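In what follows, a single structure is set out as structure tokens and then discussed.
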Amino acid sequence: MTRRRRPLLSLASIAVFATVFLVPFLFIALTAAKTRAEANRLDFSWPTSFALWDNLVAVVSARNGMLLTAYLNSTIITVASVALLVVFGSMVGYVRQRRKSRWNGLVDFLVLAGLMMPPAVVPTIWLLQQIGLFATLPGMVFIQVAYNVSFCVVLTRAFVATVPRELDEAAIIDGAKPLDLFFRVILPLMKQVTVTNIVVQSVAIFNDFVNPLYYLPGNANVTVQLTLYNFQSQYTTQYNLLFTNILLVTIPPLVVFLFFNRQIVAGMTAGAVKG
Amino acid sequence: MADLTLQSVRKAFGAAEVIKGIDLVIGHGEFVVFVGPSGCGKSTLLRMIAGLEDITSGELRIGGRLCNEVEPSERGIAMVFQNYALYPHMSVYDNVGFGLKLAKTPKAERDARVREAARILQMEHLLDRRPAQLSGGQRQRVAIGRAIVRKPEVFLFDEPLSNLDAALRADTRMELARLHGELGSTMIYVTHDQVEAITLADKIVVLNGGVVQQVGRPIDLYQNPANLFVADFIGSPKMNFAPVEARVVDGGRVALVAQGGEELMRLPAGAPPGRPQTLGLRPQSLRLDPTGPLRGEVEMVERLGNETVVAFRWNRDRRWLAALAGDHVFRRGDAVRFSMTEADAHLFDENGRRVPLARRGDVGVT
């Protein structure tokens, strides 16, 4: 009985989820191709004239090529944050998994706190201002690292458990110092979880709207997500340009995700069984 | 090459003392085997010598040099692990040469030493492969190669043959013996398998509960075990034991009487009468004898071709093994009688310690 019903049930659920996920994309693509008047109607009609190219030009050249500056800023922040996150997050995860020390409880608590507690924005802004890093790209990088390092540590720690301790010992007997041991033996064996970290954090940081809004004000500092504000104002919204912007902003993370989909899942579940 | 000495070495994990004061001297070029049941502390002792565990108290000297606080890579040791611990992301060549690369050895010298080790172990054709592409025996050879290339003063082996199948184990055992002969290095080998211990060792250290039970040549441990534990541990099949009582009989000799009242044998002297003692007889020392003192009933027979192992019951509930040369056919329930000579008897006092027996043929004994 159950055997016969299953294909129908899975087909039905696929259809439902496909609709839920694909329809918004379709809407974005359609609206991006319309002229301003048609787009403002916000309906699911086929565009009468294809204004996609004009919209693209308008979006890219808006506010003196702000979109291009935004891409550059987003890329710098993402690359720098992810590099620091992967290296330092892995180091903490590795040490925490291997070493038995009385600080372990405290470290676990701090990592968990980092995962659970929402950040206090205003005090953090005040702190950044005191250090002189407010509204600067390095400051933004530090913020992203601080907010995301807990996740990296947790992922890494689960995975390092699958690397046998004898490898560490063999390397120590071979004369490896701690940094040699980490970079030459441990990190190369953690490729799976490193890729997962890179992909997940890249997408999250690139897509981040709120944190650049708080910590990175100013036209020169604009990130990709913030450019969406260009086309919304109190009285009018140019929906065609807005949606073209959304299209341009959504595509890089989508591409990354499509290519590295398998690595993400594999990396996330790799530590799960051995624990 | 060096001596290795342990002086009153102790190891405690928190409140639990695992190694309870060990004194040991290992000479240059000796093949020493630490043997004992699981949990006896032999691996811990090996790791303390390697520097992977701290020594709680006591002194470890390698080549006369105090090494308690010295880094593992500077003690002049090399270790072969039970599950090989090869670096999965490196080729065999890089695995073997990793230590030299870390020490910034010049490339030419590194290459020469890696190839030399490969030649000794006959694995030149494996140098470009990854560990995942090797069989268990090949991985073992790479692990040994990685140790050889360091030119250590002491080789440490932590149960290296446990993960190999029986046939490969026998072959690799002979290879290790050949390696020892060729290199002449001091080797310390840890195993729970007493057959490996007896065949490979110049000197065996039997451990139990963190204490050394006996140290000696394999043949000495076999012929003169110092206590019940060693007698039980060494020898396959295991030694048979029975509680006996010593009674003085005519002529000043002592008869050993089993609990059922059967007199098993007479000894010239040495067994103090009156106190409870344990008689030990190896299965190989029992001989079929229709007039023998040991009467039993056959329970199970193992015919091994060159030898027959008979499990029999005597004295109502005591089960012993007899290993008879040649092939014998028995059925379950057959009555059998065995005799044994006093030369084969081992006697242990109520604390399990060996009672020294004067044997006929010794000076001054009739």
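Identifiers for the structure tokens are assigned positionally: chains receive A, B, ... in sequence, residues are indexed from 1 per chain, and ligands are indexed from 1 in the order shown.
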Considering only C-alpha atoms, extract the chain B residues located within 8 Å of chain A and return them as a PDB file with C-alpha atoms, in the first residue's frame.
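Output contents, as saved in out-v5.pdb:
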```
ATOM      1  CA  ALA B  50      58.164   8.135  23.014  1.00  0.00           C
ATOM      2  CA  LEU B  52      53.570  11.287  23.896  1.00  0.00           C
ATOM      3  CA  PRO B  72      59.629  13.396  21.111  1.00  0.00           C
ATOM      4  CA  SER B  73      61.373  14.407  17.912  1.00  0.00           C
ATOM      5  CA  GLU B  74      64.605  15.034  19.821  1.00  0.00           C
ATOM      6  CA  ILE B  77      63.158   7.563  18.708  1.00  0.00           C
ATOM      7  CA  ALA B  78      60.817   6.594  15.905  1.00  0.00           C
ATOM      8  CA  MET B  79      57.417   5.000  16.339  1.00  0.00           C
ATOM      9  CA  PHE B  81      51.636   2.831  15.180  1.00  0.00           C
ATOM     10  CA  ALA B  85      49.047   6.727  11.004  1.00  0.00           C
ATOM     11  CA  LEU B  86      50.084   7.540   7.442  1.00  0.00           C
ATOM     12  CA  TYR B  87      49.255  11.030   6.150  1.00  0.00           C
ATOM     13  CA  PRO B  88      46.394  10.346   3.732  1.00  0.00           C
ATOM     14  CA  HIS B  89      46.911  13.432   1.609  1.00  0.00           C
ATOM     15  CA  PHE B  98      57.953  14.303   5.959  1.00  0.00           C
ATOM     16  CA  GLY B  99      60.172  14.365   9.025  1.00  0.00           C
ATOM     17  CA  LEU B 100      63.233  15.206   6.973  1.00  0.00           C
ATOM     18  CA  LEU B 102      60.366  19.500   8.523  1.00  0.00           C
ATOM     19  CA  ALA B 103      63.980  19.350   9.632  1.00  0.00           C
TER      20      ALA B 103
END
```
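The strand (DSSP E or B) portion of range 258-306 of chain B consists of Ala258, Glu263, Leu264, Met265, Arg266, Leu267, Ala269, Gln277, Thr278, Leu279, Gly280, Leu281, Arg287, Leu288, Leu294, Arg295, Gly296, Glu297, Val298, Glu299, Met300, Val301, Glu302 and Arg303 of chain B, with states taken from DSSP on the backbone.
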Those residues with C-alpha atoms, as a CSV table (one decimal), in the first residue's frame please?
```
chain,number,residue,atom,x,y,z
B,258,ALA,CA,45.2,-33.1,44.5
B,263,GLU,CA,48.6,-38.4,44.5
B,264,LEU,CA,50.0,-36.7,41.4
B,265,MET,CA,53.7,-36.9,41.8
B,266,ARG,CA,56.6,-37.0,44.2
B,267,LEU,CA,59.2,-34.4,44.4
B,269,ALA,CA,62.3,-31.5,48.1
B,277,GLN,CA,50.0,-24.5,46.7
B,278,THR,CA,49.3,-24.6,43.0
B,279,LEU,CA,50.7,-27.1,40.7
B,280,GLY,CA,51.3,-26.1,37.1
B,281,LEU,CA,51.8,-28.5,34.2
B,287,ARG,CA,51.9,-38.2,28.3
B,288,LEU,CA,49.5,-41.0,27.7
B,294,LEU,CA,46.0,-38.7,36.3
B,295,ARG,CA,42.7,-40.3,35.3
B,296,GLY,CA,40.3,-38.3,33.2
B,297,GLU,CA,37.4,-38.4,30.8
B,298,VAL,CA,37.7,-36.9,27.3
B,299,GLU,CA,35.5,-33.9,26.6
B,300,MET,CA,36.8,-32.5,23.4
B,301,VAL,CA,39.6,-33.2,20.9
B,302,GLU,CA,41.4,-30.9,18.4
B,303,ARG,CA,43.4,-32.8,15.8
```
Where does range 177-216 of chain A meet range 152-160 of chain A within 8 Å, residue by residue, with the nearest atom pair and distance in Å to one decimal for each, counting only C-alpha atoms, listed by chain and rising number, as JSON lines?
```
{"residue": "A:Met190", "atom": "CA", "partner": "A:Val160", "partner_atom": "CA", "distance": 7.3}
{"residue": "A:Val193", "atom": "CA", "partner": "A:Thr156", "partner_atom": "CA", "distance": 6.5}
{"residue": "A:Thr194", "atom": "CA", "partner": "A:Thr156", "partner_atom": "CA", "distance": 7.9}
{"residue": "A:Asn197", "atom": "CA", "partner": "A:Cys152", "partner_atom": "CA", "distance": 6.3}
```
Please, could you write that set of residues out with C-alpha atoms as a tab-separated table (two decimals), in the first residue's frame?
```tsv
chain	number	residue	atom	x	y	z
A	190	MET	CA	39.75	19.18	6.43
A	193	VAL	CA	34.56	21.24	5.95
A	194	THR	CA	36.72	24.12	4.73
A	197	ASN	CA	32.66	26.97	5.54
```
> Do you know which residues are at most 7 Å from Leu4 in chain B counting only C-alpha atoms, after dropping those on the same chain fewer than 5 positions away, and could you put them as a ChimeraX atom specification?
Replying inline: /B:25-27,61-63
Atoms kept (C-alpha atoms) for selection, written as a tab-separated table (two decimals), in the first residue's frame:
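As written to disk, again26.tsv reads:
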```
chain	number	residue	atom	x	y	z
B	25	VAL	CA	67.44	-1.56	31.59
B	26	ILE	CA	67.53	-2.13	27.84
B	27	GLY	CA	70.86	-2.70	26.20
B	61	ARG	CA	67.29	7.95	30.14
B	62	ILE	CA	68.07	7.33	26.50
B	63	GLY	CA	71.76	6.94	25.76
```
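Within 9 Å of Phe142 in chain A, once only C-alpha atoms are used and residues closer than 5 positions along the same chain are dropped, the contacting residues are Ser81, Leu137 and Tyr147 of chain A.
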Residues as selected, C-alpha atoms, written as a JSON list (two decimals), in the first residue's frame, can you do that?
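File produced: out.json:
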```
[["chain", "number", "residue", "atom", "x", "y", "z"],
["A", 81, "SER", "CA", 36.15, 37.78, 6.14],
["A", 137, "LEU", "CA", 35.93, 48.21, 5.39],
["A", 147, "TYR", "CA", 29.54, 37.29, 14.10]]
```
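Of the listed residues A:Val23, A:Leu242, A:Ala32, A:Val145, the one whose atoms come nearest to Ala204 in chain A is A:Val145, with distances taken using only C-alpha atoms.
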